[in-house]
Every structure is written in structure tokens, then in C-alpha cells.
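Participant: This is the content of structure24.json (JSON, C-alpha atoms):
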```json
[["chain", "number", "residue", "atom", "x", "y", "z"],
["A", 850, "MET", "CA", 37.45, -13.33, -6.13],
["A", 851, "GLN", "CA", 34.87, -15.31, -4.17],
["A", 852, "ILE", "CA", 31.48, -15.35, -5.82],
["A", 853, "GLU", "CA", 28.29, -16.68, -4.32],
["A", 854, "LEU", "CA", 24.88, -16.90, -5.88],
["A", 855, "LEU", "CA", 22.20, -17.31, -3.24],
["A", 856, "TYR", "CA", 19.03, -18.85, -4.53],
["A", 857, "PHE", "CA", 15.72, -20.26, -3.49],
["A", 858, "GLU", "CA", 14.71, -23.31, -5.51],
["A", 859, "GLY", "CA", 11.13, -22.10, -5.93],
["A", 860, "CYS", "CA", 12.07, -18.99, -7.89],
["A", 861, "LEU", "CA", 13.34, -20.38, -11.16],
["A", 862, "SER", "CA", 14.68, -16.99, -12.24],
["A", 863, "TRP", "CA", 17.94, -17.81, -10.42],
["A", 864, "GLN", "CA", 18.93, -20.06, -13.31],
["A", 865, "THR", "CA", 18.91, -17.14, -15.74],
["A", 866, "GLY", "CA", 20.76, -15.11, -13.12],
["A", 867, "LEU", "CA", 23.46, -17.78, -12.97],
["A", 868, "LYS", "CA", 23.71, -17.98, -16.75],
["A", 869, "ASN", "CA", 24.08, -14.20, -16.97],
["A", 870, "LEU", "CA", 26.66, -14.17, -14.20],
["A", 871, "LYS", "CA", 28.77, -16.79, -15.95],
["A", 872, "SER", "CA", 28.55, -14.84, -19.22],
["A", 873, "ALA", "CA", 29.56, -11.62, -17.46],
["A", 874, "LEU", "CA", 32.55, -13.31, -15.82],
["A", 875, "GLN", "CA", 33.66, -14.71, -19.14],
["A", 876, "LEU", "CA", 33.29, -11.38, -20.93],
["A", 877, "GLU", "CA", 35.26, -9.63, -18.20],
["A", 878, "ALA", "CA", 37.89, -12.37, -18.32],
["A", 879, "ILE", "CA", 37.45, -13.08, -14.64],
["A", 880, "GLU", "CA", 38.30, -16.60, -13.63],
["A", 881, "ALA", "CA", 36.26, -17.43, -10.60],
["A", 882, "GLU", "CA", 33.97, -20.20, -9.54],
["A", 883, "VAL", "CA", 30.41, -19.45, -8.64],
["A", 884, "ASN", "CA", 29.48, -21.04, -5.36],
["A", 885, "LEU", "CA", 25.76, -21.82, -5.27],
["A", 886, "VAL", "CA", 24.07, -21.32, -1.91],
["A", 887, "ASN", "CA", 20.66, -22.93, -1.59],
["A", 888, "VAL", "CA", 18.45, -20.97, 0.82],
["A", 889, "GLN", "CA", 16.06, -23.66, 1.91],
["A", 890, "ASP", "CA", 13.87, -22.12, 4.55],
["A", 891, "GLU", "CA", 13.11, -19.02, 6.56],
["A", 892, "ALA", "CA", 15.81, -19.85, 9.11],
["A", 893, "ASP", "CA", 18.38, -19.91, 6.29],
["A", 894, "ALA", "CA", 16.98, -16.65, 4.93],
["A", 895, "ILE", "CA", 17.42, -14.93, 8.29],
["A", 896, "ARG", "CA", 20.87, -16.41, 8.95],
["A", 897, "LEU", "CA", 22.14, -15.44, 5.51],
["A", 898, "GLU", "CA", 20.32, -12.07, 5.44],
["A", 899, "PHE", "CA", 18.84, -13.20, 2.16],
["A", 900, "LEU", "CA", 17.50, -10.40, -0.04],
["A", 901, "GLY", "CA", 15.72, -12.71, -2.46],
["A", 902, "SER", "CA", 16.49, -15.17, -5.21],
["A", 903, "PRO", "CA", 18.83, -14.72, -6.94],
["A", 904, "SER", "CA", 21.23, -12.58, -4.91],
["A", 905, "ILE", "CA", 24.88, -12.34, -5.83],
["A", 906, "ARG", "CA", 27.75, -11.65, -3.45],
["A", 907, "VAL", "CA", 31.35, -11.01, -4.35],
["A", 908, "ASN", "CA", 33.83, -11.44, -1.53],
["A", 909, "GLY", "CA", 30.86, -11.47, 0.83],
["A", 910, "VAL", "CA", 29.44, -8.16, -0.41],
["A", 911, "GLU", "CA", 26.02, -7.93, -2.06],
["A", 912, "LEU", "CA", 26.24, -6.61, -5.60],
["A", 913, "TRP", "CA", 22.85, -4.92, -5.17],
["A", 914, "THR", "CA", 22.53, -4.14, -1.53],
["A", 915, "GLU", "CA", 19.52, -2.70, 0.22],
["A", 916, "GLU", "CA", 18.34, -2.01, 3.73],
["A", 917, "ARG", "CA", 15.98, -4.58, 5.15],
["A", 918, "ASP", "CA", 14.62, -4.99, 8.66],
["A", 919, "ALA", "CA", 13.64, -8.61, 8.18],
["A", 920, "PHE", "CA", 14.58, -11.46, 5.90],
["A", 921, "ALA", "CA", 12.39, -14.13, 4.33],
["A", 922, "LEU", "CA", 12.08, -16.32, 1.28],
["A", 923, "SER", "CA", 11.34, -14.19, -1.74],
["A", 924, "CYS", "CA", 11.89, -13.92, -5.47],
["A", 925, "ARG", "CA", 14.09, -10.92, -6.16],
["A", 926, "VAL", "CA", 13.36, -8.48, -8.96],
["A", 927, "TYR", "CA", 15.86, -6.13, -10.54],
["A", 928, "PRO", "CA", 15.09, -2.83, -12.22],
["A", 929, "ILE", "CA", 16.35, -2.99, -15.79],
["A", 930, "SER", "CA", 15.90, -0.52, -18.65],
["A", 931, "GLU", "CA", 12.77, -2.30, -19.91],
["A", 932, "GLY", "CA", 11.14, -2.52, -16.49],
["A", 933, "MET", "CA", 11.82, -5.25, -13.95],
["A", 934, "LYS", "CA", 13.14, -8.77, -14.32],
["A", 935, "GLY", "CA", 13.82, -11.65, -12.01],
["A", 936, "TRP", "CA", 17.55, -11.47, -12.67],
["A", 937, "PRO", "CA", 20.26, -8.91, -13.37],
["A", 938, "THR", "CA", 21.25, -8.60, -17.02],
["A", 939, "VAL", "CA", 24.73, -9.47, -18.31],
["A", 940, "GLU", "CA", 25.48, -5.76, -18.75],
["A", 941, "MET", "CA", 24.42, -4.92, -15.21],
["A", 942, "LEU", "CA", 26.67, -7.68, -13.90],
["A", 943, "ARG", "CA", 29.60, -6.65, -16.08],
["A", 944, "GLU", "CA", 29.34, -3.10, -14.79],
["A", 945, "LYS", "CA", 29.42, -4.25, -11.17],
["A", 946, "LEU", "CA", 32.28, -6.64, -11.82],
["A", 947, "ARG", "CA", 34.29, -3.91, -13.55],
["A", 948, "ILE", "CA", 33.88, -1.64, -10.56],
["A", 949, "LEU", "CA", 34.99, -4.41, -8.21],
["A", 950, "ALA", "CA", 37.96, -5.32, -10.39],
["A", 951, "GLY", "CA", 38.83, -1.62, -10.18],
["B", 454, "MET", "CA", 37.17, 28.38, 4.74],
["B", 455, "ASN", "CA", 38.98, 27.39, 7.92],
["B", 456, "ASN", "CA", 38.58, 23.98, 9.51],
["B", 457, "SER", "CA", 36.54, 25.04, 12.54],
["B", 458, "ARG", "CA", 34.07, 27.00, 10.37],
["B", 459, "PHE", "CA", 33.70, 23.99, 8.05],
["B", 460, "ALA", "CA", 33.16, 21.65, 11.02],
["B", 461, "SER", "CA", 30.55, 24.01, 12.43],
["B", 462, "LEU", "CA", 28.67, 24.12, 9.12],
["B", 463, "LEU", "CA", 28.85, 20.35, 8.82],
["B", 464, "THR", "CA", 27.47, 19.93, 12.35],
["B", 465, "TRP", "CA", 24.54, 22.26, 11.58],
["B", 466, "ALA", "CA", 23.83, 20.38, 8.34],
["B", 467, "LEU", "CA", 23.76, 17.08, 10.24],
["B", 468, "VAL", "CA", 21.50, 18.47, 12.98],
["B", 469, "LEU", "CA", 19.07, 19.90, 10.43],
["B", 470, "GLY", "CA", 19.10, 16.62, 8.50],
["B", 471, "MET", "CA", 18.30, 14.63, 11.65],
["B", 472, "PHE", "CA", 15.57, 17.12, 12.58],
["B", 473, "TRP", "CA", 13.97, 16.77, 9.15],
["B", 474, "THR", "CA", 14.10, 12.98, 9.33],
["B", 475, "VAL", "CA", 12.30, 13.02, 12.69],
["B", 476, "VAL", "CA", 9.60, 15.60, 11.83],
["B", 477, "SER", "CA", 8.83, 14.18, 8.38],
["B", 478, "ARG", "CA", 7.85, 10.78, 9.78],
["B", 479, "VAL", "CA", 4.18, 10.25, 10.64],
["B", 480, "SER", "CA", 3.63, 8.83, 14.07],
["B", 481, "PRO", "CA", 0.85, 6.23, 14.16],
["B", 482, "ASP", "CA", -0.65, 8.04, 17.16],
["B", 483, "GLN", "CA", -0.78, 11.44, 15.53],
["B", 484, "SER", "CA", -3.33, 12.76, 13.10],
["B", 485, "GLN", "CA", -0.57, 14.44, 11.15],
["B", 486, "VAL", "CA", -0.55, 13.58, 7.48],
["B", 487, "GLN", "CA", 2.67, 13.26, 5.57],
["B", 488, "THR", "CA", 2.42, 15.24, 2.36],
["B", 489, "GLY", "CA", 5.20, 13.46, 0.51],
["B", 490, "SER", "CA", 4.43, 10.07, -1.03],
["B", 491, "VAL", "CA", 7.17, 7.57, -0.37],
["B", 492, "PRO", "CA", 6.79, 3.79, -0.36],
["B", 493, "LYS", "CA", 8.02, 3.48, 3.22],
["B", 494, "GLU", "CA", 6.46, 2.98, 6.61],
["B", 495, "GLY", "CA", 5.15, 6.25, 8.02],
["B", 496, "PHE", "CA", 4.67, 7.94, 4.68],
["B", 497, "THR", "CA", 1.63, 8.49, 2.49],
["B", 498, "ALA", "CA", 1.25, 5.60, 0.05],
["B", 499, "PRO", "CA", 1.99, 6.72, -3.51],
["B", 500, "ASP", "CA", -1.23, 6.91, -5.48],
["B", 501, "PHE", "CA", -1.93, 4.77, -8.53],
["B", 502, "THR", "CA", -4.73, 3.76, -10.84],
["B", 503, "LEU", "CA", -4.65, 0.34, -12.46],
["B", 504, "GLY", "CA", -6.95, -1.81, -14.54],
["B", 505, "LEU", "CA", -8.43, -4.88, -12.87],
["B", 506, "LEU", "CA", -8.38, -8.46, -14.10],
["B", 507, "ASP", "CA", -12.18, -8.58, -14.11],
["B", 508, "GLY", "CA", -12.57, -5.19, -15.76],
["B", 509, "GLY", "CA", -12.86, -1.71, -14.29],
["B", 510, "GLU", "CA", -10.05, -0.05, -12.42],
["B", 511, "VAL", "CA", -8.89, 0.79, -8.93],
["B", 512, "THR", "CA", -7.45, 4.08, -7.63],
["B", 513, "LEU", "CA", -5.71, 3.86, -4.29],
["B", 514, "SER", "CA", -6.51, 7.41, -3.16],
["B", 515, "GLU", "CA", -10.24, 6.70, -3.57],
["B", 516, "LEU", "CA", -9.95, 4.07, -0.84],
["B", 517, "GLN", "CA", -9.15, 6.53, 1.96],
["B", 518, "GLY", "CA", -11.23, 5.66, 4.99],
["B", 519, "LYS", "CA", -10.56, 1.96, 4.41],
["B", 520, "VAL", "CA", -7.68, -0.19, 5.56],
["B", 521, "VAL", "CA", -5.85, -1.35, 2.45],
["B", 522, "LEU", "CA", -3.50, -4.27, 1.93],
["B", 523, "VAL", "CA", -1.55, -3.99, -1.32],
["B", 524, "ASN", "CA", 0.12, -7.31, -2.08],
["B", 525, "PHE", "CA", 2.63, -7.41, -4.96],
["B", 526, "TRP", "CA", 2.81, -10.85, -6.52],
["B", 527, "THR", "CA", 3.30, -12.99, -9.61],
["B", 528, "SER", "CA", 1.87, -16.42, -10.39],
["B", 529, "TRP", "CA", 5.34, -18.00, -10.72],
["B", 530, "CYS", "CA", 6.51, -16.86, -7.27],
["B", 531, "PRO", "CA", 6.11, -19.75, -4.78],
["B", 532, "PRO", "CA", 5.90, -17.69, -1.56],
["B", 533, "CYS", "CA", 3.33, -15.45, -3.28],
["B", 534, "ARG", "CA", 1.23, -18.50, -4.10],
["B", 535, "LYS", "CA", 1.59, -19.90, -0.61],
["B", 536, "GLU", "CA", 0.37, -16.81, 1.18],
["B", 537, "MET", "CA", -2.58, -16.16, -1.13],
["B", 538, "PRO", "CA", -5.07, -18.41, 0.76],
["B", 539, "ALA", "CA", -4.21, -16.63, 4.02],
["B", 540, "ILE", "CA", -4.77, -13.23, 2.43],
["B", 541, "GLU", "CA", -8.06, -14.43, 0.93],
["B", 542, "SER", "CA", -9.21, -15.76, 4.29],
["B", 543, "VAL", "CA", -8.45, -12.48, 6.09],
["B", 544, "TYR", "CA", -10.11, -10.54, 3.27],
["B", 545, "ARG", "CA", -13.31, -12.56, 3.60],
["B", 546, "SER", "CA", -13.35, -12.06, 7.35],
["B", 547, "TYR", "CA", -12.83, -8.30, 7.35],
["B", 548, "LYS", "CA", -14.03, -6.92, 4.00],
["B", 549, "ASP", "CA", -17.40, -5.94, 5.44],
["B", 550, "ILE", "CA", -15.82, -3.87, 8.19],
["B", 551, "GLY", "CA", -13.45, -1.82, 6.10],
["B", 552, "LEU", "CA", -10.67, -3.97, 4.67],
["B", 553, "VAL", "CA", -9.74, -3.71, 1.00],
["B", 554, "VAL", "CA", -7.15, -6.01, -0.52],
["B", 555, "ILE", "CA", -5.52, -5.25, -3.85],
["B", 556, "GLY", "CA", -3.60, -8.17, -5.32],
["B", 557, "LEU", "CA", -1.16, -6.21, -7.42],
["B", 558, "ASN", "CA", 0.15, -8.50, -10.12],
["B", 559, "LEU", "CA", 3.41, -7.51, -11.79],
["B", 560, "THR", "CA", 1.94, -8.51, -15.13],
["B", 561, "ALA", "CA", 4.98, -7.41, -17.10],
["B", 562, "GLN", "CA", 6.71, -10.40, -15.51],
["B", 563, "ASP", "CA", 3.73, -12.70, -15.68],
["B", 564, "SER", "CA", 1.08, -13.64, -18.21],
["B", 565, "LYS", "CA", -2.57, -12.74, -18.04],
["B", 566, "PRO", "CA", -3.73, -16.34, -18.72],
["B", 567, "ASP", "CA", -1.51, -17.58, -15.87],
["B", 568, "VAL", "CA", -2.88, -14.88, -13.60],
["B", 569, "SER", "CA", -6.48, -15.79, -14.45],
["B", 570, "ALA", "CA", -5.82, -19.50, -13.97],
["B", 571, "PHE", "CA", -4.15, -18.93, -10.62],
["B", 572, "VAL", "CA", -6.90, -16.64, -9.35],
["B", 573, "GLN", "CA", -9.50, -19.22, -10.34],
["B", 574, "GLU", "CA", -7.55, -22.11, -8.84],
["B", 575, "MET", "CA", -7.13, -20.30, -5.53],
["B", 576, "GLY", "CA", -10.67, -18.94, -5.45],
["B", 577, "VAL", "CA", -9.38, -15.41, -4.96],
["B", 578, "THR", "CA", -12.26, -12.95, -4.60],
["B", 579, "PHE", "CA", -10.42, -9.69, -3.92],
["B", 580, "PRO", "CA", -9.57, -7.39, -6.85],
["B", 581, "ILE", "CA", -6.48, -8.22, -8.89],
["B", 582, "ALA", "CA", -4.83, -5.14, -10.36],
["B", 583, "LEU", "CA", -2.63, -5.57, -13.42],
["B", 584, "ASP", "CA", 0.62, -3.63, -13.49],
["B", 585, "ILE", "CA", 1.31, -4.25, -17.15],
["B", 586, "ASN", "CA", 4.28, -1.92, -17.52],
["B", 587, "ASN", "CA", 5.83, -2.15, -14.03],
["B", 588, "ALA", "CA", 4.85, 1.45, -13.32],
["B", 589, "VAL", "CA", 3.49, 0.73, -9.86],
["B", 590, "GLY", "CA", 6.19, -1.83, -9.06],
["B", 591, "ASN", "CA", 8.74, 0.88, -9.80],
["B", 592, "LEU", "CA", 6.77, 3.51, -7.92],
["B", 593, "TYR", "CA", 6.75, 1.27, -4.84],
["B", 594, "ARG", "CA", 10.39, 0.28, -5.39],
["B", 595, "VAL", "CA", 9.53, -3.40, -5.19],
["B", 596, "THR", "CA", 12.73, -5.45, -5.11],
["B", 597, "ALA", "CA", 11.38, -8.84, -4.10],
["B", 598, "LEU", "CA", 8.18, -10.83, -4.32],
["B", 599, "PRO", "CA", 5.93, -11.04, -2.48],
["B", 600, "THR", "CA", 5.90, -7.58, -0.92],
["B", 601, "SER", "CA", 2.95, -6.35, 1.10],
["B", 602, "PHE", "CA", 2.05, -2.82, 2.14],
["B", 603, "PHE", "CA", -0.44, -2.32, 4.98],
["B", 604, "ILE", "CA", -2.05, 1.10, 4.58],
["B", 605, "ASP", "CA", -4.18, 2.79, 7.21],
["B", 606, "ARG", "CA", -7.48, 4.67, 6.79],
["B", 607, "LYS", "CA", -5.61, 7.92, 6.20],
["B", 608, "GLY", "CA", -3.58, 6.45, 3.35],
["B", 609, "VAL", "CA", -0.36, 6.12, 5.35],
["B", 610, "ILE", "CA", 1.83, 3.03, 4.94],
["B", 611, "ARG", "CA", 2.06, 1.49, 8.37],
["B", 612, "SER", "CA", 3.87, -1.75, 7.65],
["B", 613, "VAL", "CA", 5.84, -3.28, 4.80],
["B", 614, "ILE", "CA", 6.57, -6.98, 4.63],
["B", 615, "VAL", "CA", 9.10, -8.16, 2.07],
["B", 616, "GLY", "CA", 9.12, -11.88, 1.34],
["B", 617, "GLY", "CA", 6.81, -14.54, 2.58],
["B", 618, "PRO", "CA", 4.73, -16.45, 2.96],
["B", 619, "MET", "CA", 2.95, -14.32, 5.58],
["B", 620, "SER", "CA", 0.92, -16.38, 7.99],
["B", 621, "GLU", "CA", -2.78, -15.72, 8.41],
["B", 622, "ALA", "CA", -2.11, -14.72, 12.02],
["B", 623, "VAL", "CA", 0.38, -12.04, 10.97],
["B", 624, "ILE", "CA", -1.95, -10.58, 8.35],
["B", 625, "GLN", "CA", -4.88, -10.71, 10.72],
["B", 626, "SER", "CA", -3.07, -8.94, 13.55],
["B", 627, "LYS", "CA", -1.86, -6.15, 11.29],
["B", 628, "VAL", "CA", -5.27, -5.67, 9.72],
["B", 629, "GLU", "CA", -7.09, -5.76, 13.06],
["B", 630, "GLU", "CA", -4.75, -3.17, 14.53],
["B", 631, "LEU", "CA", -5.44, -0.78, 11.67],
["B", 632, "LEU", "CA", -9.18, -1.44, 11.65],
["B", 633, "ARG", "CA", -9.38, -0.59, 15.35],
["B", 634, "GLU", "CA", -8.10, 2.92, 14.71],
["B", 635, "ASP", "CA", -10.61, 5.73, 14.27],
["B", 636, "GLN", "CA", -11.21, 7.18, 10.86]]
```
Since I need it in another form, could you write the structure as C-alpha cells?
Facilitator:
Amino acid sequence: MQIELLYFEGCLSWQTGLKNLKSALQLEAIEAEVNLVNVQDEADAIRLEFLGSPSIRVNGVELWTEERDAFALSCRVYPISEGMKGWPTVEMLREKLRILAG
Amino acid sequence: MNNSRFASLLTWALVLGMFWTVVSRVSPDQSQVQTGSVPKEGFTAPDFTLGLLDGGEVTLSELQGKVVLVNFWTSWCPPCRKEMPAIESVYRSYKDIGLVVIGLNLTAQDSKPDVSAFVQEMGVTFPIALDINNAVGNLYRVTALPTSFFIDRKGVIRSVIVGGPMSEAVIQSKVEELLREDQ
């Protein structure tokens, strides 16, 4: 399983996203390295079709995909049960990983 | 049900679906008003009422007749911070001829002291609405910050920009285009 976490240094929420991702992988007993992809500027954002920091891709597929016409640097927010946060929760990640592990 | 009958029904369902998609969109050149409120270009902007940082409140539907820029932001979001001076500059230039800017802070992910400090530091003069429970963020299906909605005089969303920072030229051109349109 190839896992990438795309982030933008300015939005510090990616660090919590990474921590949660590592916890989810451990809890699901998935051994995989997380490859960090630093989205540095708008050109990177367009090239990588960046949906905001942090975004997580498994085998090249966005875990939370959405339609966008244009791509730019942004801080991503995720709807969670208590509202919105700048990262997906461990449970949200576990659920996605379980589906992918099939 | 035989295969040809099923295929025929499926075709009709697809045709009707496509027809509905086309007729339910509001063309910028038409005076037609979309009755449904969806946070997408071509649809009526979902209404909301929020408290303001400086007291009082703002209701979007009461701003019909004005061009409205709703900018979702937080103080910890670097592209939000970067584009704020450009938004402020455009606001100052056009507020007297019909532009309203609502800086919609996702306060549930921010802190009021940080918001106040940032607004003061930047010299922001447009109203800052506080979305303390993410209700409006959810209503507008905001998935990234900043996100900006450009709303015309009829209350229809005409442009959505996700991410930033928006340049002053981009904001200005979008605002000018909407201000030129008749009420």
C-alpha cells in the first residue's frame, strides 16, 4: 500500500493529520510508510491537484475526494461529528483504510 | 422486465436527469431566480444569520440588491491571512457603490481573541461574522480555507474560489463584473 500525505507547511494541522494517520495504520495493523509530499507553491498545487492540507492518498487515490475546477494552496477542513477540524480523525481514517483493505 | 424495456426506461431517466440539470441552473444573463439554495455557482446562496465580532448580526438575505463577497477564513490559515489585505482594499474601493464583504470566521476552529487580534493587526474594516458552531461552514460545504463566494445582487452565487491567496486583481475583476449588472 502506497500512502502519501500531501501538506502545505503553512497549515500546521497536517501534523495532527499525520499523527492520526500513523495511529490508524497501527490500529489496523497495516505496515506502510507514509510518504510526505510538501506542496510548496501554487504550481505544485495545480500539478498535484491538491485539495488542501492535509490530503491523504492511498495508491494514488484521494481518501476524501471532491470535484474541483481549480487548485490552490489551502488548509483543508474535514467534517467530523463535532463540527469541522483541520484533519481527519483516527476513526475516520480507520474506516477508510478498512474499506481499502477490503 | 425485459432488457429493451429496462434500457428504454434507463434512457428516459438519464434524459430527464440531464434536462433537470440544465433547467435548474441560473444563467448569469437571465433574470430567472433559482428557488433551491445550494452552495454552488448558479444557485441561490443559502441564507444565514450570524453574530458579528463588533456586535450586532448579519443576515445574508437582507443584503439582496448588493454584491456580496463571503470569505471563509481562520486566523491560523496562511493563505487566508495573505489575501485579507487585498479583500480589504477592494472593499474600501467599492463599498460605497454596492459591495458588501462578510469575513466569515470559522470560530469553532479559531479563537475569538486571535480573531480580534488579527482583524486589528490587518486593519480590517468589513464585518467579521462568527460561525461559532460551524453551522454556516457546513451549510456552505466548506472543505478548505480560504473559500470565497461571490454573490450577485439577486442573491445568486456566481463564483466560488477555493484556496488562495486571491490577488487583488482577481477580486476586483469579479466584483466589478457583478457591480456592473443591473439590479
Participant: Mind running chain B against chain A at 7 Å and telling me each contacting residue's nearest atom pair with the distance in Å (one decimal), counting only C-alpha atoms, chain and number ascending, as JSON lines?
Facilitator:
```
{"residue": "B:Cys530", "atom": "CA", "partner": "A:Cys860", "partner_atom": "CA", "distance": 6.0}
{"residue": "B:Pro531", "atom": "CA", "partner": "A:Gly859", "partner_atom": "CA", "distance": 5.7}
{"residue": "B:Pro532", "atom": "CA", "partner": "A:Ser923", "partner_atom": "CA", "distance": 6.5}
{"residue": "B:Gln562", "atom": "CA", "partner": "A:Lys934", "partner_atom": "CA", "distance": 6.7}
{"residue": "B:Asn586", "atom": "CA", "partner": "A:Gly932", "partner_atom": "CA", "distance": 7.0}
{"residue": "B:Asn587", "atom": "CA", "partner": "A:Gly932", "partner_atom": "CA", "distance": 5.9}
{"residue": "B:Thr596", "atom": "CA", "partner": "A:Val926", "partner_atom": "CA", "distance": 4.9}
{"residue": "B:Ala597", "atom": "CA", "partner": "A:Arg925", "partner_atom": "CA", "distance": 4.0}
{"residue": "B:Leu598", "atom": "CA", "partner": "A:Cys924", "partner_atom": "CA", "distance": 5.0}
{"residue": "B:Pro599", "atom": "CA", "partner": "A:Ser923", "partner_atom": "CA", "distance": 6.3}
{"residue": "B:Gly616", "atom": "CA", "partner": "A:Ser923", "partner_atom": "CA", "distance": 4.4}
{"residue": "B:Gly617", "atom": "CA", "partner": "A:Leu922", "partner_atom": "CA", "distance": 5.7}
```
Participant: Just give me the gap between atom CA of Phe603 of chain B and atom CA of Gly509 of chain B in Å, one decimal is fine.
Facilitator: 22.9 Å
Participant: Would you mind listing what lies within 10 Å of Gln851 of chain A as a short mmCIF file (atom, residue, chain, number, x, y, z; two decimals) with C-alpha atoms, in the coordinates of the input, with all atoms listed in the file counted and same-chain residues fewer than 4 positions away left out?
Facilitator:
```cif
data_model
loop_
_atom_site.label_atom_id
_atom_site.label_comp_id
_atom_site.auth_asym_id
_atom_site.auth_seq_id
_atom_site.Cartn_x
_atom_site.Cartn_y
_atom_site.Cartn_z
CA ALA A 881 36.26 -17.43 -10.60
CA GLU A 882 33.97 -20.20 -9.54
CA VAL A 883 30.41 -19.45 -8.64
CA ASN A 884 29.48 -21.04 -5.36
CA ARG A 906 27.75 -11.65 -3.45
CA VAL A 907 31.35 -11.01 -4.35
CA ASN A 908 33.83 -11.44 -1.53
CA GLY A 909 30.86 -11.47 0.83
CA VAL A 910 29.44 -8.16 -0.41
#
```
Participant: Rounded to one decimal, what separation in Å do you get between atom CA of Ala539 of chain B and atom CA of Val553 of chain B?
Facilitator: 14.4 Å
Participant: Expressed in Å to a single decimal, how great is the separation between atom CA of Gly504 of chain B and atom CA of Pro618 of chain B?
Facilitator: 25.6 Å
Participant: I'd like to know which of A:Leu855, A:Glu916, A:Ala873, A:Glu880 is closest to Arg947 of chain A, using only C-alpha atoms.
Facilitator: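 Using only C-alpha atoms, the shortest distance to Arg947 of chain A belongs to A:Ala873.
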Participant: Between B:Leu632, B:Ile614, B:Val609, B:Ala561, single out the one closest to Ala498 of chain B, counting all atoms listed in the file.
Facilitator: B:Val609
Participant: I'd like the neighbourhood of Val939 of chain A as a VMD selection string, where a residue qualifies if any of its atoms comes within 8 Å (using only C-alpha atoms), though same-chain residues fewer than 6 positions away should be ignored.
Facilitator: chain A and resid 869 to 870 872 to 873
Participant: Excluding Asp507 of chain B and any residue of its chain fewer than 4 positions from it, enumerate the residues within 10 Å of it, using all atoms listed in the file, and give them as a PyMOL selection string.
Facilitator: chain B and resi 569+580-582
Participant: Would you pick out the contacts of Leu506 of chain B at 12 Å or less, using all atoms listed in the file, so that residues sharing its chain but fewer than 6 positions from it are not included, and give the list as a PyMOL selection string?
Facilitator: chain B and resi 555-558+560+564-573+577-585
Participant: Just write the chosen residues, C-alpha atoms, as a short mmCIF file (atom, residue, chain, number, x, y, z; two decimals), in the coordinates of the input.
Facilitator:
```cif
data_model
loop_
_atom_site.label_atom_id
_atom_site.label_comp_id
_atom_site.auth_asym_id
_atom_site.auth_seq_id
_atom_site.Cartn_x
_atom_site.Cartn_y
_atom_site.Cartn_z
CA ILE B 555 -5.52 -5.25 -3.85
CA GLY B 556 -3.60 -8.17 -5.32
CA LEU B 557 -1.16 -6.21 -7.42
CA ASN B 558 0.15 -8.50 -10.12
CA THR B 560 1.94 -8.51 -15.13
CA SER B 564 1.08 -13.64 -18.21
CA LYS B 565 -2.57 -12.74 -18.04
CA PRO B 566 -3.73 -16.34 -18.72
CA ASP B 567 -1.51 -17.58 -15.87
CA VAL B 568 -2.88 -14.88 -13.60
CA SER B 569 -6.48 -15.79 -14.45
CA ALA B 570 -5.82 -19.50 -13.97
CA PHE B 571 -4.15 -18.93 -10.62
CA VAL B 572 -6.90 -16.64 -9.35
CA GLN B 573 -9.50 -19.22 -10.34
CA VAL B 577 -9.38 -15.41 -4.96
CA THR B 578 -12.26 -12.95 -4.60
CA PHE B 579 -10.42 -9.69 -3.92
CA PRO B 580 -9.57 -7.39 -6.85
CA ILE B 581 -6.48 -8.22 -8.89
CA ALA B 582 -4.83 -5.14 -10.36
CA LEU B 583 -2.63 -5.57 -13.42
CA ASP B 584 0.62 -3.63 -13.49
CA ILE B 585 1.31 -4.25 -17.15
#
```
